[in-house]
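Since the structure comes first, as structure tokens, the remarks are kept for the end.
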Amino acid sequence: MSFNYSVFGLSLHSNLPIPGLNPASPRLPGPDVEVYLGMPPSTHSDKSTERGVLTFVSSDLDASGKPALRIWRVADGACLYLAYCDGMEFWLDRKGMSVWARWPATSSLEDAATFLLGPVLGLLLRLRGVTCLHASAVAFDDRAVAFVGDEGAGKSTTAAAFARRGHPVISDDVVAIVEREGAFHVLPAYPYLSLWPDSVKMLYGPDKSLPTFSANWDKRVLSLAEDRLRFEERSLPLGAIFVLGERSSESAAPFLETPTAQESLVALVANSYATGMLDKDMRAQEFALLGRMLASVPVRRVRPHEESTQIDRLFEVIRSGYLPLISQPLPPLFRH
């Protein structure tokens with residue numbers, strides 16, 4: 001059997017069902033990407049890394065001091081090999097057209113899917129020339145609004161707060177951006193949000209129960225359809241970017257600040273996906289695209305209150321701050 005999906009504007013063809021994704025029509029053109037779950041590529045051997053080139057070592061360490069992730073160029077540079085500290089393995093061909101995954105007995109297909117739909121597809125998109133940000137995005141009518149920030153900044157929580165108030169979710173964790181006809185579009189990802197238990201409690205109260213992705217991960221799955229929330233299946237032009245900054249104890253928080261052009265560029269570069277894997281040419285292309293994007297897409301820095309209970313106020317501050325930013329007309333394709 002085979003399974004077909006559409007995510008980030010790509011048609012995926014998989015040998016096993018991918019948890020978290022809704023099946024797409026088998027009549028979709030492509031596929032753009034072949035996914036082989038539970039197996040390595042035929043070129044792999046246990047000595048592949050000895051003949052490969054170690055190109056990336058994560059600064060994050062596990063409890064034993066082992067790097068969370070190491071990446072090699074293997075098969076004479078034709079593939080990237082990703083080895084996670086828990087034994088999860090992925091291979092990507094350099095053109096971003098094939099993905100292989102293998103996991104140890106202590107992990108599961110659900111565990112593999114959490115990696116696949118996050119950092120692995122983020123890296124694959126970069127290999128295909130698509131700029132990606134660590135961000136979440138929701139729809140404001142026919143435009144996308146992205147929430148950018150470091151890990152733990154509250155990107156998914158902010159997106160969930162907007163979703164509960166009627167704004168369809170476009171993407172979570174990875175926001176993929178493409179340039180089309182002078183506008184910068186956010187590509188739709190998957191119909192769920194990933195939330196930590198504290199965020200679920202803050203948004204829904206202590207009685208709300210959401211399932212985990214897997215027995216090995218404590219993050220919870222907020223299925224948009226099951227919770228009567230909406231998923232935006234269209235790619236939408238990016239209307240504004242809000243950078244979630246440090247929390248403030250000031251009584252005025254949450255509040256917005258207008259960063260300089262240089263500060264905006266630094267914030268986006270710092271939150272770009274797979275930045276450690278970009279070569280010189282890819283980095284130059286990213287800088288050029290981000291520069292063009294910042295010339296037309298407004299950026300505001302958000303200073304949330306240190307008390308997470310201020311999420312309703314945060315929603316109002318961002319919504320009210322966004323409305324004056326949409327003075328530029330939409331491209332003709334998106335005008336009603």
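So you can find residues: chains in the structure tokens are A, B, ... in the order shown, residues in each start at 1, and ligands are numbered from 1 in order.
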Which polymer residues have any atom within 8 Å of an atom of segment 145-149 of chain A, counting only C-alpha atoms, with same-chain residues fewer than 6 positions away left out, as an NGL selection string? :A and (133-139 or 155 or 158-159 or 175 or 238-245 or 268 or 271)
Could the residues in this selection be saved with all heavy atoms as a compact mmCIF listing (two decimals), in the first residue's frame?
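New file out17.txt:
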# COMPACT_ATOMS: atom_id res chain seq x y z
N LEU A 133 11.20 29.62 8.65
CA LEU A 133 11.42 30.27 9.93
C LEU A 133 10.88 29.41 11.06
O LEU A 133 9.90 28.67 10.88
CB LEU A 133 10.71 31.63 9.97
CG LEU A 133 11.14 32.68 8.95
CD1 LEU A 133 10.25 33.91 9.07
CD2 LEU A 133 12.61 33.06 9.13
N HIS A 134 11.53 29.51 12.23
CA HIS A 134 10.96 28.93 13.45
C HIS A 134 9.79 29.82 13.84
O HIS A 134 9.97 30.90 14.43
CB HIS A 134 12.00 28.93 14.58
CG HIS A 134 12.97 27.81 14.50
ND1 HIS A 134 12.65 26.51 14.82
CD2 HIS A 134 14.27 27.80 14.13
CE1 HIS A 134 13.72 25.74 14.66
NE2 HIS A 134 14.71 26.49 14.22
N ALA A 135 8.60 29.42 13.50
CA ALA A 135 7.45 30.30 13.67
C ALA A 135 6.17 29.49 13.57
O ALA A 135 6.17 28.31 13.20
CB ALA A 135 7.46 31.40 12.60
N SER A 136 5.07 30.15 13.93
CA SER A 136 3.73 29.65 13.66
C SER A 136 3.00 30.73 12.90
O SER A 136 3.38 31.91 12.99
CB SER A 136 2.99 29.31 14.96
OG SER A 136 3.63 28.25 15.65
N ALA A 137 1.97 30.36 12.16
CA ALA A 137 1.26 31.35 11.34
C ALA A 137 -0.22 31.08 11.34
O ALA A 137 -0.66 29.92 11.32
CB ALA A 137 1.81 31.35 9.91
N VAL A 138 -1.00 32.16 11.34
CA VAL A 138 -2.46 32.08 11.26
C VAL A 138 -2.91 33.01 10.15
O VAL A 138 -2.15 33.86 9.66
CB VAL A 138 -3.14 32.45 12.59
CG1 VAL A 138 -2.70 31.50 13.70
CG2 VAL A 138 -2.85 33.91 12.96
N ALA A 139 -4.18 32.86 9.76
CA ALA A 139 -4.75 33.68 8.69
C ALA A 139 -5.58 34.82 9.26
O ALA A 139 -6.36 34.63 10.19
CB ALA A 139 -5.61 32.81 7.78
N LYS A 155 5.15 30.56 20.51
CA LYS A 155 4.64 30.65 19.14
C LYS A 155 3.35 29.83 18.96
O LYS A 155 2.34 30.33 18.47
CB LYS A 155 5.71 30.16 18.16
CG LYS A 155 7.02 30.91 18.23
CD LYS A 155 8.03 30.39 17.24
CE LYS A 155 8.51 28.98 17.57
NZ LYS A 155 9.30 28.92 18.81
N THR A 158 0.44 31.17 21.10
CA THR A 158 -0.16 32.37 20.50
C THR A 158 -1.04 31.99 19.32
O THR A 158 -2.15 32.51 19.16
CB THR A 158 0.94 33.34 20.07
OG1 THR A 158 1.77 33.66 21.19
CG2 THR A 158 0.34 34.62 19.52
N ALA A 159 -0.56 31.08 18.48
CA ALA A 159 -1.37 30.63 17.34
C ALA A 159 -2.65 29.97 17.82
O ALA A 159 -3.72 30.18 17.23
CB ALA A 159 -0.56 29.66 16.47
N VAL A 175 7.50 27.66 9.44
CA VAL A 175 6.77 28.50 8.49
C VAL A 175 7.63 28.62 7.23
O VAL A 175 8.72 29.20 7.25
CB VAL A 175 6.47 29.89 9.09
CG1 VAL A 175 6.02 30.86 8.00
CG2 VAL A 175 5.39 29.77 10.16
N LEU A 238 2.12 36.96 3.04
CA LEU A 238 2.48 37.32 4.40
C LEU A 238 2.17 38.79 4.64
O LEU A 238 2.68 39.68 3.94
CB LEU A 238 3.97 37.05 4.62
CG LEU A 238 4.54 37.27 6.02
CD1 LEU A 238 3.81 36.43 7.05
CD2 LEU A 238 6.03 36.92 6.02
N GLY A 239 1.31 39.05 5.64
CA GLY A 239 0.90 40.42 5.93
C GLY A 239 1.73 41.10 6.98
O GLY A 239 1.92 42.32 6.95
N ALA A 240 2.24 40.35 7.96
CA ALA A 240 3.03 40.94 9.04
C ALA A 240 3.74 39.83 9.80
O ALA A 240 3.32 38.66 9.78
CB ALA A 240 2.16 41.76 9.98
N ILE A 241 4.83 40.22 10.46
CA ILE A 241 5.59 39.30 11.32
C ILE A 241 5.66 39.92 12.72
O ILE A 241 6.00 41.10 12.87
CB ILE A 241 7.00 39.09 10.78
CG1 ILE A 241 6.97 38.44 9.39
CG2 ILE A 241 7.83 38.23 11.75
CD1 ILE A 241 8.32 38.38 8.71
N PHE A 242 5.34 39.12 13.72
CA PHE A 242 5.47 39.53 15.11
C PHE A 242 6.53 38.66 15.77
O PHE A 242 6.38 37.43 15.82
CB PHE A 242 4.14 39.41 15.85
CG PHE A 242 3.11 40.41 15.39
CD1 PHE A 242 2.26 40.13 14.34
CD2 PHE A 242 3.01 41.65 16.02
CE1 PHE A 242 1.32 41.07 13.90
CE2 PHE A 242 2.08 42.59 15.60
CZ PHE A 242 1.24 42.30 14.54
N VAL A 243 7.60 39.29 16.24
CA VAL A 243 8.69 38.59 16.91
C VAL A 243 8.40 38.57 18.40
O VAL A 243 8.30 39.63 19.03
CB VAL A 243 10.05 39.26 16.62
CG1 VAL A 243 11.17 38.51 17.34
CG2 VAL A 243 10.31 39.32 15.12
N LEU A 244 8.27 37.38 18.97
CA LEU A 244 7.98 37.25 20.40
C LEU A 244 9.29 37.41 21.17
O LEU A 244 10.17 36.57 21.12
CB LEU A 244 7.35 35.89 20.68
CG LEU A 244 6.02 35.62 19.95
CD1 LEU A 244 5.51 34.22 20.26
CD2 LEU A 244 4.97 36.65 20.31
N GLY A 245 9.41 38.52 21.90
CA GLY A 245 10.62 38.83 22.60
C GLY A 245 10.58 38.41 24.06
O GLY A 245 9.73 37.60 24.47
N LEU A 268 15.13 37.56 12.22
CA LEU A 268 14.70 36.53 11.28
C LEU A 268 15.82 35.55 10.96
O LEU A 268 15.59 34.34 10.87
CB LEU A 268 14.18 37.18 9.99
CG LEU A 268 12.94 38.06 10.13
CD1 LEU A 268 12.42 38.44 8.74
CD2 LEU A 268 11.84 37.36 10.92
N ASN A 271 16.26 33.12 13.68
CA ASN A 271 15.16 32.15 13.77
C ASN A 271 14.88 31.47 12.44
O ASN A 271 13.77 30.95 12.24
CB ASN A 271 13.90 32.85 14.28
CG ASN A 271 13.98 33.19 15.76
OD1 ASN A 271 13.87 32.34 16.62
ND2 ASN A 271 14.21 34.47 16.04
Quick one: residues within 9 Å of Trp103 of chain A, only C-alpha atoms counted, chain neighbours fewer than 3 positions away excluded, as an MDAnalysis selection string? chainID A and resid 38:39 86:90 106:109 111:112
Could you dump the residues just selected with N, CA and C atoms as a PDB file, in the first residue's frame?
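selection.pdb was written with the following content:
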ATOM      1  N   GLY A  38      10.821   3.354   8.059  1.00  0.00           N
ATOM      2  CA  GLY A  38      11.234   2.053   8.575  1.00  0.00           C
ATOM      3  C   GLY A  38      12.373   1.418   7.820  1.00  0.00           C
ATOM      4  N   MET A  39      13.038   2.186   6.967  1.00  0.00           N
ATOM      5  CA  MET A  39      14.139   1.610   6.184  1.00  0.00           C
ATOM      6  C   MET A  39      15.163   2.673   5.814  1.00  0.00           C
ATOM      7  N   ASP A  86      18.754   9.743  20.441  1.00  0.00           N
ATOM      8  CA  ASP A  86      17.884   8.659  20.903  1.00  0.00           C
ATOM      9  C   ASP A  86      17.844   7.484  19.935  1.00  0.00           C
ATOM     10  N   GLY A  87      18.669   7.542  18.883  1.00  0.00           N
ATOM     11  CA  GLY A  87      18.721   6.450  17.913  1.00  0.00           C
ATOM     12  C   GLY A  87      17.872   6.666  16.676  1.00  0.00           C
ATOM     13  N   MET A  88      17.125   7.757  16.614  1.00  0.00           N
ATOM     14  CA  MET A  88      16.336   8.062  15.428  1.00  0.00           C
ATOM     15  C   MET A  88      17.273   8.470  14.292  1.00  0.00           C
ATOM     16  N   GLU A  89      17.021   7.917  13.083  1.00  0.00           N
ATOM     17  CA  GLU A  89      17.880   8.187  11.931  1.00  0.00           C
ATOM     18  C   GLU A  89      17.047   8.621  10.730  1.00  0.00           C
ATOM     19  N   PHE A  90      17.593   9.592   9.996  1.00  0.00           N
ATOM     20  CA  PHE A  90      16.965  10.039   8.753  1.00  0.00           C
ATOM     21  C   PHE A  90      18.035  10.245   7.691  1.00  0.00           C
ATOM     22  N   THR A 106      13.019   1.177  20.933  1.00  0.00           N
ATOM     23  CA  THR A 106      12.488   2.008  22.017  1.00  0.00           C
ATOM     24  C   THR A 106      11.631   3.163  21.508  1.00  0.00           C
ATOM     25  N   SER A 107      11.589   3.363  20.181  1.00  0.00           N
ATOM     26  CA  SER A 107      10.798   4.429  19.575  1.00  0.00           C
ATOM     27  C   SER A 107       9.708   3.826  18.703  1.00  0.00           C
ATOM     28  N   SER A 108       8.941   4.695  18.040  1.00  0.00           N
ATOM     29  CA  SER A 108       7.787   4.240  17.271  1.00  0.00           C
ATOM     30  C   SER A 108       7.616   5.088  16.019  1.00  0.00           C
ATOM     31  N   LEU A 109       6.675   4.675  15.180  1.00  0.00           N
ATOM     32  CA  LEU A 109       6.331   5.462  13.997  1.00  0.00           C
ATOM     33  C   LEU A 109       5.868   6.859  14.397  1.00  0.00           C
ATOM     34  N   ASP A 111       6.838   8.563  16.985  1.00  0.00           N
ATOM     35  CA  ASP A 111       8.042   9.332  17.316  1.00  0.00           C
ATOM     36  C   ASP A 111       8.715   9.836  16.040  1.00  0.00           C
ATOM     37  N   ALA A 112       8.837   8.957  15.060  1.00  0.00           N
ATOM     38  CA  ALA A 112       9.476   9.345  13.803  1.00  0.00           C
ATOM     39  C   ALA A 112       8.720  10.489  13.134  1.00  0.00           C
TER      40      ALA A 112
END
What's around Pro168 of chain A at 8 Å? Count only C-alpha atoms, leave out sequence neighbours fewer than 4 positions away in its own chain, and write the answer as a list in words. Val138, Ala139, Phe140, Phe162, Ala163, Leu229, Arg230, Phe231 and Glu232 of chain A
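Residues surrounding Leu294 of chain A within 12 Å are Ala183, Phe184, Leu238, Gly239, Ala240, Ile241, Pro259, Thr260, Ala261, Gln262, Glu263, Ser264, Leu265, Val266, Ala267, Leu268, Val269, Phe287, Ala288, Leu289, Leu290, Gly291, Arg292, Ser296, Val297, Pro298, Val299 and Arg300 of chain A [only C-alpha atoms; sequence separation below 2 positions excluded].
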Selection: 7 Å around Val7 of chain A, only C-alpha atoms, excl. self and same-chain fewer than 2 positions, as a ChimeraX atom specification: /A:5,9-11,188-190
Atoms kept (N, CA, C and O atoms) for selection, written as a tab-separated table (two decimals), in the first residue's frame:
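What ended up in result-v7.tsv:
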chain	number	residue	atom	x	y	z
A	5	TYR	N	0.01	12.55	0.61
A	5	TYR	CA	-0.26	13.70	1.47
A	5	TYR	C	0.17	14.97	0.75
A	5	TYR	O	0.97	14.95	-0.18
A	9	GLY	N	3.07	22.70	0.49
A	9	GLY	CA	3.03	22.84	-0.95
A	9	GLY	C	3.64	21.68	-1.70
A	9	GLY	O	3.76	21.74	-2.94
A	10	LEU	N	4.01	20.62	-1.01
A	10	LEU	CA	4.62	19.45	-1.63
A	10	LEU	C	3.67	18.27	-1.58
A	10	LEU	O	2.94	18.09	-0.59
A	11	SER	N	3.68	17.45	-2.60
A	11	SER	CA	2.96	16.19	-2.56
A	11	SER	C	3.92	15.11	-2.09
A	11	SER	O	5.01	14.94	-2.64
A	188	PRO	N	0.85	26.24	3.50
A	188	PRO	CA	0.12	25.51	4.55
A	188	PRO	C	0.84	24.23	4.95
A	188	PRO	O	1.41	23.53	4.10
A	189	ALA	N	0.80	23.93	6.25
A	189	ALA	CA	1.52	22.76	6.77
A	189	ALA	C	0.54	21.64	7.10
A	189	ALA	O	0.12	20.90	6.21
A	190	TYR	N	0.15	21.49	8.37
A	190	TYR	CA	-0.67	20.35	8.79
A	190	TYR	C	-1.72	20.82	9.79
A	190	TYR	O	-1.55	21.85	10.46
Exercise: Thr309 of chain A partners within 12 Å, only C-alpha atoms, chain neighbours under 6 positions left out, as a list in words: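 The contact residues come out as Thr157, Ala161, Asp198, Ser199, Val200, Lys201, Met202, Leu203, Tyr204, Gly205, Ala253, Pro254 and Phe315 of chain A.
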Top pick for closest residue to Lys208 of chain A, considering A:Leu116, A:Leu61, A:Leu54, A:Val221 and counting only C-alpha atoms: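 Ranked by minimum distance to Lys208 of chain A, first place goes to A:Val221.
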Would you return as a list in words the members of segment 215-297 of chain A that DSSP assigns to alpha helix (DSSP H) on this structure's backbone? Ala261, Gln262, Glu263, Ser264, Leu265, Val266, Ala267, Leu268, Val269, Ala270, Lys280, Asp281, Met282, Arg283, Ala284, Gln285, Glu286, Phe287, Ala288, Leu289, Leu290, Gly291, Arg292, Met293, Leu294, Ala295 and Ser296 of chain A
When you look at Gly122 of chain A with a cut-off of 9 Å (counting only C-alpha atoms), what residues show up, excluding the ones that are within fewer than 6 positions of it in the same chain? I need them as a PDB file with N, CA and C atoms, in the first residue's frame.
ATOM      1  N   LEU A 116       9.918  13.992  11.547  1.00  0.00           N
ATOM      2  CA  LEU A 116       9.698  14.177  10.115  1.00  0.00           C
ATOM      3  C   LEU A 116       8.957  15.464   9.822  1.00  0.00           C
ATOM      4  N   VAL A 130      13.698  26.620  -0.233  1.00  0.00           N
ATOM      5  CA  VAL A 130      12.602  27.326   0.426  1.00  0.00           C
ATOM      6  C   VAL A 130      13.095  27.856   1.772  1.00  0.00           C
ATOM      7  N   THR A 131      12.915  29.139   2.016  1.00  0.00           N
ATOM      8  CA  THR A 131      13.287  29.734   3.296  1.00  0.00           C
ATOM      9  C   THR A 131      12.243  29.373   4.349  1.00  0.00           C
ATOM     10  N   CYS A 132      12.713  28.939   5.509  1.00  0.00           N
ATOM     11  CA  CYS A 132      11.820  28.532   6.595  1.00  0.00           C
ATOM     12  C   CYS A 132      12.213  29.257   7.875  1.00  0.00           C
ATOM     13  N   LEU A 133      11.199  29.621   8.654  1.00  0.00           N
ATOM     14  CA  LEU A 133      11.418  30.273   9.934  1.00  0.00           C
ATOM     15  C   LEU A 133      10.884  29.409  11.063  1.00  0.00           C
ATOM     16  N   VAL A 174       7.263  25.295  11.874  1.00  0.00           N
ATOM     17  CA  VAL A 174       7.991  25.603  10.642  1.00  0.00           C
ATOM     18  C   VAL A 174       7.088  26.445   9.744  1.00  0.00           C
ATOM     19  N   VAL A 175       7.503  27.657   9.442  1.00  0.00           N
ATOM     20  CA  VAL A 175       6.773  28.501   8.492  1.00  0.00           C
ATOM     21  C   VAL A 175       7.626  28.618   7.234  1.00  0.00           C
ATOM     22  N   ALA A 176       7.134  28.011   6.162  1.00  0.00           N
ATOM     23  CA  ALA A 176       7.841  27.996   4.885  1.00  0.00           C
ATOM     24  C   ALA A 176       7.343  29.151   4.023  1.00  0.00           C
ATOM     25  N   TYR A 273      15.330  28.356   9.798  1.00  0.00           N
ATOM     26  CA  TYR A 273      15.429  26.914  10.018  1.00  0.00           C
ATOM     27  C   TYR A 273      16.674  26.349   9.356  1.00  0.00           C
ATOM     28  N   ALA A 274      17.304  25.385  10.038  1.00  0.00           N
ATOM     29  CA  ALA A 274      18.463  24.659   9.505  1.00  0.00           C
ATOM     30  C   ALA A 274      19.576  25.606   9.093  1.00  0.00           C
TER      31      ALA A 274
END
Considering only C-alpha atoms, can you say which of A:Val57, A:Leu125, A:Ala113, A:Val186 comes closest to Trp217 of chain A?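 Looking only at the distances to Trp217 of chain A, the closest residue turns out to be A:Ala113.
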For a quick check of understanding, using only C-alpha atoms, which of A:His13, A:His44, A:Arg165, A:Lys95 has the smallest distance to Pro31 of chain A?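 Of the candidates, the smallest distance to Pro31 of chain A is held by A:His13.
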